[in-house]
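Pasting data-v4.cif here (mmCIF, C-alpha atoms):
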```cif
data_structure
loop_
_atom_site.label_atom_id
_atom_site.label_comp_id
_atom_site.auth_asym_id
_atom_site.auth_seq_id
_atom_site.Cartn_x
_atom_site.Cartn_y
_atom_site.Cartn_z
CA MET F 1 78.45 31.86 78.21
CA SER F 2 78.26 33.69 74.95
CA PHE F 3 80.15 36.92 74.37
CA ARG F 4 76.88 38.83 73.97
CA THR F 5 75.47 37.48 77.25
CA ALA F 6 78.66 38.37 79.12
CA ALA F 7 78.67 41.88 77.68
CA MET F 8 75.06 42.51 78.66
CA ARG F 9 75.74 41.16 82.15
CA GLY F 10 78.70 43.47 82.50
CA MET F 11 76.60 46.45 81.50
CA ARG F 12 73.99 45.60 84.14
CA LEU F 13 76.68 45.30 86.82
CA ALA F 14 78.25 48.58 85.81
CA THR F 15 74.88 50.31 85.97
CA ALA F 16 74.16 48.89 89.41
CA MET F 17 77.54 49.89 90.87
CA PRO F 18 77.51 53.10 93.00
CA ILE F 19 79.14 56.11 91.47
CA ARG F 20 81.97 57.16 93.75
CA ASN F 21 83.86 60.41 94.21
CA ARG F 22 81.10 62.48 92.70
CA PRO F 23 80.74 65.84 94.52
CA ALA F 24 77.51 66.14 96.46
CA MET F 25 74.99 68.42 94.82
CA MET F 26 74.26 71.55 96.86
CA PRO F 27 70.56 72.17 97.44
CA ALA F 28 69.31 75.21 95.54
CA ALA F 29 68.43 77.13 98.70
CA ALA F 30 71.85 76.50 100.23
CA ALA F 31 73.56 77.51 97.00
CA ALA F 32 71.61 80.73 96.92
CA ARG F 33 72.56 81.47 100.51
CA SER F 34 76.24 80.84 99.79
CA PHE F 35 76.24 83.67 97.26
CA HIS F 36 74.13 86.04 99.36
CA SER F 37 76.12 88.64 101.26
CA THR F 38 75.25 89.25 104.89
CA ARG F 39 72.91 92.20 105.37
CA PRO F 40 73.86 94.86 107.94
CA VAL F 41 72.26 94.38 111.31
CA PHE F 42 69.97 97.16 112.50
CA ILE F 43 71.51 98.63 115.65
CA LYS F 44 69.56 97.74 118.78
CA VAL F 45 69.43 98.43 122.50
CA GLY F 46 72.52 97.02 124.21
CA ASP F 47 74.81 97.50 121.20
CA PRO F 48 77.81 99.84 121.13
CA LEU F 49 78.09 102.40 118.36
CA PRO F 50 80.06 101.33 115.26
CA ASP F 51 83.79 101.32 115.99
CA LEU F 52 84.75 103.42 112.97
CA GLU F 53 86.98 106.46 112.65
CA VAL F 54 85.14 107.90 109.67
CA LEU F 55 83.18 110.88 110.96
CA GLN F 56 84.64 114.33 110.36
CA GLU F 57 84.38 117.39 112.59
CA ASN F 58 85.14 120.94 111.38
CA ASN F 59 87.65 119.82 108.72
CA PRO F 60 88.37 116.68 106.66
CA GLY F 61 91.53 115.90 108.60
CA ASN F 62 89.79 115.72 111.97
CA LYS F 63 88.49 112.14 112.03
CA VAL F 64 86.37 111.06 114.98
CA ASN F 65 85.47 107.63 116.35
CA LEU F 66 82.14 108.24 118.04
CA ALA F 67 82.21 104.85 119.77
CA GLU F 68 85.39 105.89 121.56
CA GLU F 69 83.88 109.25 122.44
CA ALA F 70 80.78 107.55 123.87
CA SER F 71 82.85 105.15 125.98
CA LYS F 72 84.34 108.11 127.85
CA LEU F 73 80.95 109.63 128.68
CA ASN F 74 78.21 108.75 131.10
CA LYS F 75 75.28 109.65 128.84
CA MET F 76 75.02 111.12 125.36
CA ILE F 77 72.39 111.69 122.69
CA LEU F 78 73.03 110.99 119.02
CA LEU F 79 70.78 112.59 116.42
CA GLY F 80 70.78 111.35 112.84
CA VAL F 81 69.31 113.75 110.29
CA PRO F 82 68.63 113.46 106.54
CA ALA F 83 70.19 116.79 105.56
CA ALA F 84 71.90 119.79 107.09
CA PHE F 85 69.96 123.04 106.69
CA SER F 86 66.72 121.21 105.85
CA PRO F 87 63.68 122.89 107.45
CA ALA F 88 62.63 119.99 109.68
CA CYS F 89 66.18 119.46 110.94
CA SER F 90 66.94 123.13 111.56
CA ALA F 91 63.60 124.29 112.95
CA LYS F 92 62.25 121.22 114.73
CA HIS F 93 64.44 118.18 115.40
CA ILE F 94 67.65 119.83 116.67
CA PRO F 95 65.90 122.68 118.56
CA SER F 96 63.63 120.20 120.35
CA PHE F 97 66.76 118.94 122.15
CA ILE F 98 68.69 122.20 122.41
CA ASN F 99 65.78 123.83 124.23
CA HIS F 100 64.78 120.84 126.37
CA PRO F 101 65.31 121.25 130.13
CA LYS F 102 66.53 117.65 130.52
CA LEU F 103 69.40 118.11 128.07
CA LYS F 104 71.58 119.20 130.99
CA ASP F 105 71.51 115.60 132.24
CA TYR F 106 73.60 114.51 129.24
CA ASP F 107 77.29 114.94 128.52
CA LEU F 108 77.02 115.41 124.76
CA LEU F 109 74.51 116.09 122.01
CA ALA F 110 75.98 114.76 118.76
CA VAL F 111 74.46 115.38 115.33
CA VAL F 112 75.38 113.21 112.33
CA SER F 113 74.38 113.66 108.70
CA VAL F 114 75.53 112.29 105.35
CA ASN F 115 76.93 115.65 104.26
CA ASP F 116 80.41 117.04 103.72
CA VAL F 117 82.25 118.49 106.70
CA PHE F 118 82.12 122.08 105.42
CA VAL F 119 78.34 122.02 105.24
CA MET F 120 78.09 120.53 108.72
CA LYS F 121 80.46 123.13 110.16
CA ALA F 122 78.48 125.97 108.59
CA TRP F 123 75.23 124.46 109.83
CA GLY F 124 76.54 124.18 113.36
CA GLU F 125 77.61 127.81 113.29
CA ASN F 126 74.21 128.77 111.92
CA LEU F 127 72.36 127.01 114.73
CA ASP F 128 74.74 128.76 117.15
CA PRO F 129 74.69 126.58 120.27
CA ALA F 130 76.59 129.32 122.14
CA GLY F 131 73.24 131.04 122.66
CA GLN F 132 73.13 133.94 120.21
CA SER F 133 70.46 132.75 117.79
CA ASN F 134 66.73 132.54 118.39
CA VAL F 135 66.68 128.79 117.86
CA SER F 136 69.08 128.16 120.74
CA LYS F 137 68.61 131.09 123.11
CA ASP F 138 67.85 128.75 126.02
CA TYR F 139 70.72 126.37 125.27
CA ASP F 140 72.73 125.27 128.30
CA PRO F 141 76.42 125.37 127.26
CA SER F 142 77.26 122.80 129.93
CA THR F 143 76.08 120.18 127.41
CA PRO F 144 78.19 120.56 124.27
CA ILE F 145 76.63 120.03 120.85
CA ARG F 146 78.90 118.74 118.11
CA PHE F 147 78.18 118.35 114.41
CA PHE F 148 79.74 115.40 112.59
CA ALA F 149 79.87 114.82 108.85
CA ASP F 150 79.53 111.29 107.49
CA PRO F 151 80.62 112.09 103.92
CA THR F 152 80.79 108.51 102.63
CA GLY F 153 77.83 107.28 104.68
CA ARG F 154 79.90 104.47 106.24
CA PHE F 155 78.87 105.25 109.80
CA THR F 156 75.19 105.54 108.87
CA LYS F 157 75.28 102.30 106.87
CA ALA F 158 77.00 100.52 109.76
CA LEU F 159 73.98 101.46 111.88
CA ASP F 160 71.77 100.14 109.04
CA LEU F 161 69.97 103.48 109.13
CA ALA F 162 70.59 104.70 105.58
CA PHE F 163 67.87 105.09 102.97
CA ASP F 164 67.71 105.95 99.29
CA GLY F 165 67.04 109.68 99.22
CA SER F 166 67.83 110.16 95.54
CA ALA F 167 64.47 111.73 94.73
CA ILE F 168 65.03 114.64 97.13
CA PHE F 169 68.65 114.65 98.26
CA GLY F 170 70.43 113.10 95.28
CA GLY F 171 71.70 109.95 96.98
CA ASP F 172 71.74 107.82 100.11
CA ARG F 173 70.98 109.72 103.33
CA SER F 174 70.48 109.02 107.00
CA LYS F 175 67.07 108.23 108.36
CA ARG F 176 65.97 110.62 111.06
CA TYR F 177 66.66 108.98 114.41
CA THR F 178 67.56 109.62 118.03
CA ILE F 179 69.82 107.24 119.94
CA VAL F 180 70.54 107.52 123.64
CA VAL F 181 73.87 106.01 124.71
CA GLU F 182 74.87 105.32 128.31
CA ASP F 183 78.32 104.02 129.26
CA GLY F 184 79.02 103.29 125.61
CA LYS F 185 75.89 101.19 124.97
CA VAL F 186 72.60 102.07 123.28
CA THR F 187 69.77 102.37 125.81
CA SER F 188 67.03 103.71 123.52
CA LEU F 189 66.48 104.03 119.78
CA ASN F 190 63.77 106.07 118.06
CA VAL F 191 63.69 105.93 114.26
CA GLU F 192 61.14 107.77 112.13
CA PRO F 193 59.02 105.16 110.32
CA ASP F 194 58.89 107.24 107.13
CA ASN F 195 62.64 108.09 107.31
CA THR F 196 62.28 111.89 107.40
CA GLY F 197 59.31 112.81 109.61
CA THR F 198 59.46 114.48 113.01
CA SER F 199 57.47 112.52 115.56
CA VAL F 200 59.11 109.68 117.51
CA SER F 201 62.59 111.21 117.29
CA LEU F 202 61.74 114.54 118.95
CA ALA F 203 63.00 115.38 122.43
CA ASP F 204 59.64 115.19 124.20
CA ASN F 205 59.23 111.58 123.05
CA VAL F 206 62.78 110.63 124.03
CA LEU F 207 63.50 112.64 127.17
CA GLY F 208 59.93 113.02 128.44
#
```

How would this structure read if it were set down as structure tokens?
Amino acid sequence: MSFRTAAMRGMRLATAMPIRNRPAMMPAAAAARSFHSTRPVFIKVGDPLPDLEVLQENNPGNKVNLAEEASKLNKMILLGVPAAFSPACSAKHIPSFINHPKLKDYDLLAVVSVNDVFVMKAWGENLDPAGQSNVSKDYDPSTPIRFFADPTGRFTKALDLAFDGSAIFGGDRSKRYTIVVEDGKVTSLNVEPDNTGTSVSLADNVLG
């Protein structure tokens, strides 16, 4: 066998041999998924509230874990609002619950907004759930109302209920929603489809 024939035969054999130890190529779709971070899951009926001690009440040092609070109660209502002192929040959403006759069946009315704690404290005092202001003159003090600040938005984002409110509010804000919690678990969830409106989240639609 000539040298040239042997060389050509060797080349054919080398080409035919399987290539070993080469890493398997990842399909494009799988590769894309591997670099895609998991999106927050929209809270749903049956879920507990986020187990986070990030909400603030009255002052920055008073951190509250609302999931723990809810686990100690029979029934509570959680209202998420886009902005403290906004007209729809102050004149419609919150009062619809404060003045509702079925509020007495609940152990707590909690209000959460992506605002600083000083604004939320002032807003709570302005709404005056003790019964001095016009907006809450029929309020039953047996059901406490508490105002919680979510200054970093972590609680709201954990619910997957934040939206980009830069055009009006200057940054991310909470969608308007109403969540009913019983024995620590969500039993109903009403979120405004346009983020800020006042329809499905009002007391008459939630409490009947």

Item to complete: Could you please determine the separation between CA of Ala162 in chain F and CA of Lys104 in chain F in Å, to one decimal place?
Response: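 Interatomic distance, CA of Ala162 in chain F to CA of Lys104 in chain F: 29.3 Å.
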
Fill in: Of the listed residues F:His93, F:Lys75, F:Asp160, F:Gly124, that which approaches Val200 in chain F most closely, counting all atoms listed in the file
F:His93

Discussion item. So that I can see what lies close to Ser174 in chain F, please list as an MDAnalysis selection string the residues with an atom at most 7 Å from it, counting all atoms listed in the file and leaving out residues fewer than 4 positions away in the same chain.
Written reply: chainID F and resid 80:82 113:114 156 161:163

Practice prompt. Within 6 Å of Lys185 in chain F, counting all atoms listed in the file, which residues show up once you throw out same-chain ones fewer than 4 positions away? Write them as an MDAnalysis selection string, please.
Written response: chainID F and resid 46:48 181

Practice prompt. Report the distance between CA of Pro144 in chain F and CA of Asp194 in chain F in Å, rounded to one decimal place.
Written response: 29.0 Å

Item to complete: Starting from the displayed file, determine the output of the PyMOL selection byres ((chain F and resi 202) around 8) and express the residue list as a PyMOL selection string.
Response: chain F and resi 92-93+96-97+178+198-201+203-206
